[in-house]
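Here the structure is laid out as structure tokens; the discussion comes afterwards.
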Amino acid sequence: MKRICVLGLGYIGLPTASILATNGYQVLGVDIDPQVVRIVNSGGLPVGEPGLKTIVKAAVGSGQLRAACRTEPADAFIIAVPTPVTAGKEADLRFVEAAAESVVPVLARGNLVILESTVPPGTTRDLLVPWLERSGLKAGEDFFVAHCPERVLPGRILKELIENNRVIGGIDPPSAMLAREIYSRFVEGEIFLVDATTAEMVKLIENTYRDVNIALSNELALICTRLGINAWEVIRLANFHPRVRLHLPGPGVGGHCLAVDPWFIVHKFPAESRLVALSRQTNDNMPGHVMKELAGILNGIERPKVTVLGVSYKANVDDARESPALNIIRQLAERNIDFAVYDSHVKDFPGELVSLTEAFRSSDCALIVADHEEFKYLHPQELGKLMRRRTVFDTRCCLDHGLWKAHGFTVHVLGVGGGETNGQFSVTR
């Protein structure tokens with residue numbers, strides 16, 4: 001196989017297309033957005049990811065990668081399109097269907113179609129294969145189909161595409177083995193071959209495990225607040241146990257995976273996935289809890305203003321999809337609370353982003369929502385001079401609280417109650 005068509009040039013599709021192009025394949029990247037196509041063909045980036053610009057520029061410059069709005073004939077097709085969740089918490093597979101539909105007219109004997117998008121279990125077999133067979137060809141006889149979910153962390157995508165293990169699920173063994181030929185060209189980790197439905201479930205449960213773990217920590221944060229102790233200290237000490245690895249609490253869970261993928265299981269198996277559903281609800285309720293705590297902090301202040309720091313769903317990325325900050329900002333607006341938003345990473349945001357100085361000017365409380373590395377080094381001395389009241393609410397426990405207190409700030413931390421010791425004594429053993 002020499003020619004590969006990658007459908008979807010987002011956070012996964014573009015890095016994948018670029019790596020394939022720099023590993024000897026002739027790659028066509030397809031996206032429905034003409035602006036994305038123009039940016040890629042100029043060697044630019046429509047998404048932010050460390051190191052990606054260099055490899056895209058090299059791939060385009062060598063002629064191995066080009067972008068277009070229409071699917072063209074190829075030896076293999078990789079579908080890497082979004083699979084969001086609907087208002088009813090059901091997987092929205094319209095983009096997968098549209099991608100499959102675009103492949104049908106150019107599908108030929110011997111072709112391989114790989115679905116990388118995260119989907120509910122059974123999607124490859126029950127949705128993708130029937131769509132592709134509208135070509136008049138028979139899956140498993142005339143062409144091959146596999147599911148190979150991405151398993152990467154934003155901010156480390158290029159590194160993890162190469163180093164991480166991959167699970168490849170074929171509709172039959174020949175499909176899985178043919179897909180392995182492509183991925184083995186650049187994957188340094190182990191490659192495991194299974195059936196397509198198993199591969200779908202592996203990806204879902206990986207993200208579900210993390211979502212459930214975070215929900216446990218968020219419940220712990222609520223309990224510790226009631227107890228008047230420090231949840232972060234409880235987690236730190238509990239994690240010294242060799243068989244315990246608690247995640248950290250926070251203002252909610254966002255992104256294109258953790259906040260979405262568990263719902264694919266819940267919707268399909270509601271009776272069997274009660275723990276998964278409860279965890280999703282727990283994490284979805286955290287922005288409301290943050291807002292409740294914030295309202296208490298602002299109580300009695302006439303026409304308060306809040307500085308919102310960080311609107312991406314996690315630290316040091318530009319992706320605000322499903323970010324808990326969006327929910328918090330919506331609730332601020334509903335309560336007619338004035339706010340200003342600062343985030344140096346995020347560019348695509350449904351609202352106004354201002355400078356750091358403007359965000360702090362006349363503010364009554366700085367609310368840390370995303371723990372960008374730069375926020376850890378903010379110095380409260382000058383920022384405090386801009387504010388009307390020196391108050392900070394750290395939902396990520398990322399600041400040097402002693403420093404902020406030393407400069408006259410009242411510090412509130414998610415998951416930390418009003419106990420005098422906050423879990424720490426001045427004596428050691």
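Identifiers in the structure tokens: chain A, B, ... in order shown; residue index from 1 per chain; ligand index from 1 in order shown.
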Q) Which residues, written as a count of residues only, have at least one atom at most 9 Å from A:Arg94, with only C-alpha atoms counted and residues fewer than 4 positions away on the same chain left out? A) 3
(Q) Residues near A:Val56, anyone? I mean within 9 Å using only C-alpha atoms, not counting same-chain ones fewer than 6 positions away, as a list in words. (A)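 So, after excluding close chain neighbours, the residues are Leu14, Pro15, Ala17, Ser18, Ile19, Ala21, Thr22, Val40, Gly43, Gly44, Leu45 and Leu65 of chain A.
The environment of A:Glu141 within 9 Å, counting only C-alpha atoms and disregarding residues fewer than 4 places along the same chain, consists of Arg109, Gly110 and Leu137 of chain A.
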Please save all heavy atoms of the selected residues as an mmCIF file, in the first residue's frame.
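What ended up in again-v4.cif:
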data_model
loop_
_atom_site.group_PDB
_atom_site.id
_atom_site.type_symbol
_atom_site.label_atom_id
_atom_site.label_comp_id
_atom_site.auth_asym_id
_atom_site.auth_seq_id
_atom_site.Cartn_x
_atom_site.Cartn_y
_atom_site.Cartn_z
ATOM 1 N N ARG A 109 -11.512 -2.833 -5.046
ATOM 2 C CA ARG A 109 -11.098 -4.143 -4.533
ATOM 3 C C ARG A 109 -9.683 -4.070 -3.948
ATOM 4 O O ARG A 109 -8.796 -3.462 -4.538
ATOM 5 C CB ARG A 109 -11.144 -5.191 -5.650
ATOM 6 C CG ARG A 109 -12.541 -5.485 -6.153
ATOM 7 C CD ARG A 109 -12.553 -6.563 -7.218
ATOM 8 N NE ARG A 109 -13.895 -6.748 -7.764
ATOM 9 C CZ ARG A 109 -14.839 -7.506 -7.219
ATOM 10 N NH1 ARG A 109 -14.559 -8.172 -6.101
ATOM 11 N NH2 ARG A 109 -16.028 -7.614 -7.770
ATOM 12 N N GLY A 110 -9.524 -4.699 -2.815
ATOM 13 C CA GLY A 110 -8.230 -4.720 -2.151
ATOM 14 C C GLY A 110 -7.980 -3.553 -1.217
ATOM 15 O O GLY A 110 -6.958 -3.523 -0.523
ATOM 16 N N LEU A 137 -19.414 -3.778 -3.165
ATOM 17 C CA LEU A 137 -18.341 -4.698 -2.788
ATOM 18 C C LEU A 137 -18.646 -5.324 -1.434
ATOM 19 O O LEU A 137 -19.396 -4.776 -0.631
ATOM 20 C CB LEU A 137 -17.002 -3.947 -2.740
ATOM 21 C CG LEU A 137 -16.572 -3.250 -4.033
ATOM 22 C CD1 LEU A 137 -15.288 -2.463 -3.804
ATOM 23 C CD2 LEU A 137 -16.396 -4.265 -5.154
#
Q | Of the listed residues A:Gly169, A:Gly255, A:Gly61, A:Pro174, that which approaches A:Ile191 most closely, counting only C-alpha atoms | A | A:Gly169
Please list as a tab-separated table (two decimals) with N, CA, C and O atoms, in the first residue's frame every residue within 10 Å of stretch 28-31 of chain A, counting only C-alpha atoms and excluding residues in the same chain fewer than 3 positions away.
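Writing the result to around_15.tsv gives the following:
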chain	number	residue	atom	x	y	z
A	3	ARG	N	-0.69	4.61	-1.22
A	3	ARG	CA	-1.50	5.83	-1.12
A	3	ARG	C	-2.50	5.70	0.01
A	3	ARG	O	-3.27	4.73	0.07
A	4	ILE	N	-2.52	6.69	0.91
A	4	ILE	CA	-3.44	6.68	2.04
A	4	ILE	C	-4.22	7.99	2.05
A	4	ILE	O	-3.66	9.07	1.89
A	5	CYS	N	-5.51	7.87	2.26
A	5	CYS	CA	-6.39	9.03	2.36
A	5	CYS	C	-6.86	9.13	3.82
A	5	CYS	O	-7.48	8.18	4.34
A	6	VAL	N	-6.56	10.24	4.48
A	6	VAL	CA	-6.96	10.46	5.87
A	6	VAL	C	-8.12	11.44	5.88
A	6	VAL	O	-7.98	12.59	5.44
A	7	LEU	N	-9.25	11.01	6.38
A	7	LEU	CA	-10.45	11.84	6.40
A	7	LEU	C	-10.59	12.50	7.78
A	7	LEU	O	-10.81	11.82	8.78
A	8	GLY	N	-10.48	13.83	7.80
A	8	GLY	CA	-10.51	14.60	9.04
A	8	GLY	C	-9.12	15.08	9.39
A	8	GLY	O	-8.24	14.27	9.68
A	9	LEU	N	-8.92	16.39	9.39
A	9	LEU	CA	-7.60	16.96	9.66
A	9	LEU	C	-7.61	17.76	10.96
A	9	LEU	O	-7.18	18.91	11.03
A	10	GLY	N	-8.12	17.12	12.01
A	10	GLY	CA	-8.17	17.75	13.32
A	10	GLY	C	-7.00	17.33	14.19
A	10	GLY	O	-5.91	17.05	13.70
A	13	GLY	N	-6.28	13.50	13.11
A	13	GLY	CA	-6.09	13.23	11.68
A	13	GLY	C	-4.86	13.88	11.10
A	13	GLY	O	-4.09	13.23	10.35
A	14	LEU	N	-4.62	15.15	11.43
A	14	LEU	CA	-3.47	15.85	10.85
A	14	LEU	C	-2.13	15.28	11.33
A	14	LEU	O	-1.24	15.03	10.51
A	16	THR	N	-1.58	12.24	12.35
A	16	THR	CA	-1.48	10.92	11.75
A	16	THR	C	-1.09	11.01	10.28
A	16	THR	O	-0.20	10.29	9.80
A	17	ALA	N	-1.74	11.90	9.55
A	17	ALA	CA	-1.43	12.08	8.13
A	17	ALA	C	0.02	12.52	7.94
A	17	ALA	O	0.72	12.05	7.03
A	18	SER	N	0.49	13.41	8.80
A	18	SER	CA	1.86	13.92	8.68
A	18	SER	C	2.89	12.84	8.96
A	18	SER	O	3.90	12.73	8.25
A	21	ALA	N	3.03	10.49	6.07
A	21	ALA	CA	3.71	11.10	4.93
A	21	ALA	C	5.22	11.10	5.10
A	21	ALA	O	5.97	10.88	4.14
A	25	TYR	N	4.61	7.19	2.86
A	25	TYR	CA	3.32	7.07	2.18
A	25	TYR	C	2.97	8.37	1.44
A	25	TYR	O	3.33	9.46	1.87
A	34	PRO	N	-12.83	24.30	3.91
A	34	PRO	CA	-11.86	24.79	2.92
A	34	PRO	C	-10.70	25.57	3.56
A	34	PRO	O	-9.58	25.54	3.05
A	35	GLN	N	-10.97	26.25	4.66
A	35	GLN	CA	-9.92	27.02	5.32
A	35	GLN	C	-8.85	26.09	5.89
A	35	GLN	O	-7.65	26.37	5.80
A	36	VAL	N	-9.28	24.96	6.48
A	36	VAL	CA	-8.33	23.98	6.99
A	36	VAL	C	-7.46	23.45	5.85
A	36	VAL	O	-6.25	23.31	5.99
A	37	VAL	N	-8.09	23.17	4.72
A	37	VAL	CA	-7.35	22.66	3.55
A	37	VAL	C	-6.31	23.67	3.09
A	37	VAL	O	-5.16	23.32	2.81
A	40	VAL	N	-3.35	23.82	5.66
A	40	VAL	CA	-2.47	22.65	5.59
A	40	VAL	C	-1.61	22.69	4.33
A	40	VAL	O	-0.40	22.44	4.37
A	41	ASN	N	-2.21	23.02	3.21
A	41	ASN	CA	-1.45	23.06	1.95
A	41	ASN	C	-0.38	24.15	1.93
A	41	ASN	O	0.57	24.08	1.14
A	64	GLN	N	4.73	14.79	-0.16
A	64	GLN	CA	4.11	13.55	0.31
A	64	GLN	C	2.74	13.77	0.94
A	64	GLN	O	1.97	12.83	1.09
A	65	LEU	N	2.44	15.01	1.33
A	65	LEU	CA	1.16	15.33	1.95
A	65	LEU	C	0.52	16.51	1.25
A	65	LEU	O	1.16	17.54	1.03
A	66	ARG	N	-0.73	16.35	0.90
A	66	ARG	CA	-1.52	17.47	0.41
A	66	ARG	C	-2.94	17.32	0.96
A	66	ARG	O	-3.34	16.24	1.41
A	67	ALA	N	-3.69	18.40	0.92
A	67	ALA	CA	-5.03	18.40	1.48
A	67	ALA	C	-6.05	18.76	0.41
A	67	ALA	O	-5.75	19.46	-0.56
A	68	ALA	N	-7.27	18.27	0.58
A	68	ALA	CA	-8.36	18.54	-0.35
A	68	ALA	C	-9.69	18.42	0.38
A	68	ALA	O	-9.75	17.91	1.51
A	69	CYS	N	-10.73	18.88	-0.26
A	69	CYS	CA	-12.07	18.80	0.34
A	69	CYS	C	-12.85	17.58	-0.11
A	69	CYS	O	-13.93	17.30	0.41
A	70	ARG	N	-12.30	16.84	-1.07
A	70	ARG	CA	-13.00	15.68	-1.61
A	70	ARG	C	-12.13	14.43	-1.49
A	70	ARG	O	-10.92	14.48	-1.70
A	71	THR	N	-12.78	13.32	-1.20
A	71	THR	CA	-12.09	12.04	-1.09
A	71	THR	C	-11.70	11.54	-2.47
A	71	THR	O	-12.48	11.64	-3.43
A	72	GLU	N	-10.48	11.03	-2.59
A	72	GLU	CA	-9.99	10.52	-3.86
A	72	GLU	C	-9.58	9.06	-3.71
A	72	GLU	O	-9.41	8.56	-2.59
A	73	PRO	N	-9.44	8.32	-4.81
A	73	PRO	CA	-9.03	6.91	-4.72
A	73	PRO	C	-7.70	6.76	-3.99
A	73	PRO	O	-6.81	7.60	-4.08
A	74	ALA	N	-7.59	5.70	-3.22
A	74	ALA	CA	-6.38	5.40	-2.45
A	74	ALA	C	-6.33	3.91	-2.19
A	74	ALA	O	-7.28	3.17	-2.49
A	77	PHE	N	-7.92	3.99	3.50
A	77	PHE	CA	-8.64	5.17	3.98
A	77	PHE	C	-8.67	5.12	5.50
A	77	PHE	O	-9.07	4.10	6.09
A	78	ILE	N	-8.27	6.21	6.14
A	78	ILE	CA	-8.30	6.30	7.60
A	78	ILE	C	-9.30	7.38	7.98
A	78	ILE	O	-9.14	8.55	7.62
A	79	ILE	N	-10.33	6.99	8.71
A	79	ILE	CA	-11.38	7.92	9.13
A	79	ILE	C	-11.07	8.41	10.54
A	79	ILE	O	-11.05	7.62	11.49
A	80	ALA	N	-10.79	9.70	10.66
A	80	ALA	CA	-10.43	10.29	11.96
A	80	ALA	C	-11.26	11.55	12.18
A	80	ALA	O	-10.73	12.66	12.29
A	81	VAL	N	-12.56	11.38	12.21
A	81	VAL	CA	-13.49	12.50	12.35
A	81	VAL	C	-14.06	12.54	13.76
A	81	VAL	O	-14.02	11.55	14.49
A	99	ALA	N	-18.21	10.46	6.30
A	99	ALA	CA	-16.90	10.02	5.81
A	99	ALA	C	-17.02	8.72	5.03
A	99	ALA	O	-16.44	8.55	3.95
Q: Find, counting only C-alpha atoms, the residue in A:Pro154, A:Gly288, A:Gly415, A:Gly189 that gets nearest to A:Val47.
A: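 So, comparing all the options, the nearest one is A:Pro154.
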Q. Can you list, as a ChimeraX atom specification, every protein, DNA or RNA residue that comes within 9 Å of A:Asp364 when you count only C-alpha atoms, leaving out same-chain residues fewer than 3 positions away?
A. /A:298,301,304-307,360,387-392
Q: Pick out the residues sitting within 9 Å of A:Ala215, and hand them over as a ChimeraX atom specification; count only C-alpha atoms, and ignore anything fewer than 2 positions along from it in its own chain.
A: /A:210-213,217-220,247,249,252,278-283
Keeping only all heavy atoms, write those residues as a compact mmCIF listing (two decimals), in the first residue's frame.
# COMPACT_ATOMS: atom_id res chain seq x y z
N ARG A 210 -10.60 6.50 33.69
CA ARG A 210 -10.09 7.78 34.17
C ARG A 210 -11.23 8.69 34.64
O ARG A 210 -11.10 9.39 35.65
CB ARG A 210 -9.29 8.46 33.06
CG ARG A 210 -8.02 7.69 32.68
CD ARG A 210 -7.39 8.22 31.41
NE ARG A 210 -6.97 9.59 31.55
CZ ARG A 210 -6.79 10.42 30.53
NH1 ARG A 210 -7.02 10.01 29.29
NH2 ARG A 210 -6.39 11.67 30.74
N ASP A 211 -12.35 8.65 33.93
CA ASP A 211 -13.49 9.46 34.32
C ASP A 211 -14.05 9.02 35.68
O ASP A 211 -14.37 9.85 36.54
CB ASP A 211 -14.58 9.37 33.24
CG ASP A 211 -15.67 10.41 33.43
OD1 ASP A 211 -15.34 11.59 33.63
OD2 ASP A 211 -16.86 10.04 33.37
N VAL A 212 -14.15 7.71 35.88
CA VAL A 212 -14.65 7.18 37.15
C VAL A 212 -13.67 7.52 38.28
O VAL A 212 -14.09 7.89 39.39
CB VAL A 212 -14.86 5.65 37.05
CG1 VAL A 212 -15.15 5.06 38.43
CG2 VAL A 212 -15.99 5.33 36.08
N ASN A 213 -12.39 7.43 38.02
CA ASN A 213 -11.37 7.75 39.01
C ASN A 213 -11.47 9.22 39.42
O ASN A 213 -11.41 9.56 40.61
CB ASN A 213 -9.99 7.43 38.45
CG ASN A 213 -8.91 7.35 39.53
OD1 ASN A 213 -8.91 8.12 40.48
ND2 ASN A 213 -8.00 6.42 39.37
N SER A 217 -12.44 11.11 43.12
CA SER A 217 -11.69 12.20 43.74
C SER A 217 -12.55 13.44 43.93
O SER A 217 -12.40 14.16 44.92
CB SER A 217 -10.46 12.54 42.90
OG SER A 217 -9.54 11.48 42.93
N ASN A 218 -13.46 13.70 42.99
CA ASN A 218 -14.36 14.83 43.16
C ASN A 218 -15.32 14.62 44.32
O ASN A 218 -15.62 15.55 45.07
CB ASN A 218 -15.12 15.09 41.86
CG ASN A 218 -14.31 15.87 40.85
OD1 ASN A 218 -13.42 16.63 41.20
ND2 ASN A 218 -14.60 15.67 39.56
N GLU A 219 -15.80 13.39 44.49
CA GLU A 219 -16.63 13.10 45.66
C GLU A 219 -15.82 13.28 46.94
O GLU A 219 -16.32 13.80 47.94
CB GLU A 219 -17.20 11.68 45.58
CG GLU A 219 -18.35 11.54 44.62
CD GLU A 219 -19.16 10.27 44.86
OE1 GLU A 219 -18.75 9.45 45.70
OE2 GLU A 219 -20.21 10.12 44.22
N LEU A 220 -14.58 12.84 46.91
CA LEU A 220 -13.70 13.01 48.07
C LEU A 220 -13.53 14.49 48.39
O LEU A 220 -13.53 14.89 49.56
CB LEU A 220 -12.35 12.37 47.80
CG LEU A 220 -11.28 12.57 48.87
CD1 LEU A 220 -11.70 11.91 50.17
CD2 LEU A 220 -9.92 12.04 48.40
N HIS A 247 -6.71 9.83 40.97
CA HIS A 247 -6.54 11.02 40.16
C HIS A 247 -6.84 12.25 41.01
O HIS A 247 -7.20 12.12 42.19
CB HIS A 247 -7.46 10.97 38.94
CG HIS A 247 -7.03 9.95 37.91
ND1 HIS A 247 -6.01 9.08 38.09
CD2 HIS A 247 -7.53 9.69 36.67
CE1 HIS A 247 -5.86 8.31 37.02
NE2 HIS A 247 -6.77 8.67 36.13
N PRO A 249 -8.96 15.88 41.88
CA PRO A 249 -10.26 16.52 41.65
C PRO A 249 -10.10 17.78 40.81
O PRO A 249 -8.98 18.18 40.47
CB PRO A 249 -10.72 16.85 43.08
CG PRO A 249 -9.46 17.03 43.86
CD PRO A 249 -8.47 16.06 43.26
N GLY A 252 -14.40 19.99 36.92
CA GLY A 252 -15.18 19.22 35.97
C GLY A 252 -14.25 18.54 34.98
O GLY A 252 -13.04 18.72 35.03
N LEU A 278 -23.23 7.32 36.93
CA LEU A 278 -23.13 8.14 38.14
C LEU A 278 -21.84 8.96 38.14
O LEU A 278 -21.84 10.13 38.55
CB LEU A 278 -23.19 7.25 39.38
CG LEU A 278 -23.14 7.96 40.73
CD1 LEU A 278 -24.30 8.95 40.86
CD2 LEU A 278 -23.17 6.95 41.88
N SER A 279 -20.77 8.36 37.67
CA SER A 279 -19.50 9.08 37.60
C SER A 279 -19.58 10.24 36.62
O SER A 279 -19.09 11.34 36.88
CB SER A 279 -18.38 8.12 37.18
OG SER A 279 -18.21 7.10 38.13
N ARG A 280 -20.22 9.99 35.48
CA ARG A 280 -20.39 11.07 34.50
C ARG A 280 -21.21 12.21 35.11
O ARG A 280 -20.89 13.40 34.95
CB ARG A 280 -21.13 10.54 33.28
CG ARG A 280 -20.34 10.01 32.15
CD ARG A 280 -19.58 10.96 31.26
NE ARG A 280 -18.49 11.65 31.90
CZ ARG A 280 -18.42 12.95 32.05
NH1 ARG A 280 -19.37 13.74 31.59
NH2 ARG A 280 -17.39 13.52 32.64
N GLN A 281 -22.27 11.86 35.82
CA GLN A 281 -23.12 12.88 36.44
C GLN A 281 -22.35 13.65 37.52
O GLN A 281 -22.48 14.87 37.64
CB GLN A 281 -24.37 12.23 37.02
CG GLN A 281 -25.32 11.69 35.96
CD GLN A 281 -26.30 10.67 36.51
OE1 GLN A 281 -26.41 10.50 37.73
NE2 GLN A 281 -27.02 9.98 35.63
N THR A 282 -21.54 12.93 38.29
CA THR A 282 -20.74 13.57 39.33
C THR A 282 -19.81 14.60 38.73
O THR A 282 -19.71 15.74 39.20
CB THR A 282 -19.92 12.51 40.11
OG1 THR A 282 -20.81 11.61 40.77
CG2 THR A 282 -19.00 13.16 41.13
N ASN A 283 -19.10 14.22 37.67
CA ASN A 283 -18.16 15.16 37.05
C ASN A 283 -18.87 16.30 36.33
O ASN A 283 -18.38 17.44 36.32
CB ASN A 283 -17.24 14.40 36.10
CG ASN A 283 -16.26 13.51 36.84
OD1 ASN A 283 -15.91 13.77 37.99
ND2 ASN A 283 -15.82 12.43 36.19
Q.
If we count only C-alpha atoms and set the cut-off at 9 Å, which residues sit around A:Lys376, ignoring sequence neighbours fewer than 2 positions away in its own chain? Please answer as an MDAnalysis selection string.
A. chainID A and resid 371:374 378:379 398:400
Q.
One decimal, in Å: what's the spacing between atom CA of A:Cys257 and atom CA of A:Asn207?
A.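 Result for atom CA of A:Cys257 versus atom CA of A:Asn207: 6.6 Å, one decimal.
The gap separating atom CA of A:Lys385 from atom CA of A:Ser362 is 9.1 Å, in Å to one decimal.
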Q. What are the DSSP strand (DSSP E) residues of stretch 252-325 of chain A, as a ChimeraX atom specification?
A. /A:305-309
Q. How many Å separate atom CA of A:Ser312 from atom CA of A:Phe349?
A. 9.1 Å
Q. Using only C-alpha atoms, which residue out of A:Ile337, A:Ile162, A:Leu367, A:Cys148 lies closest to A:Glu200?
A.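 Looking only at the distances to A:Glu200, the closest residue turns out to be A:Cys148.
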(Q) Between A:Leu204, A:Val308, A:Val27, A:Val187, which residue has the minimum interatomic distance to A:Ala259, considering only C-alpha atoms? (A) A:Leu204
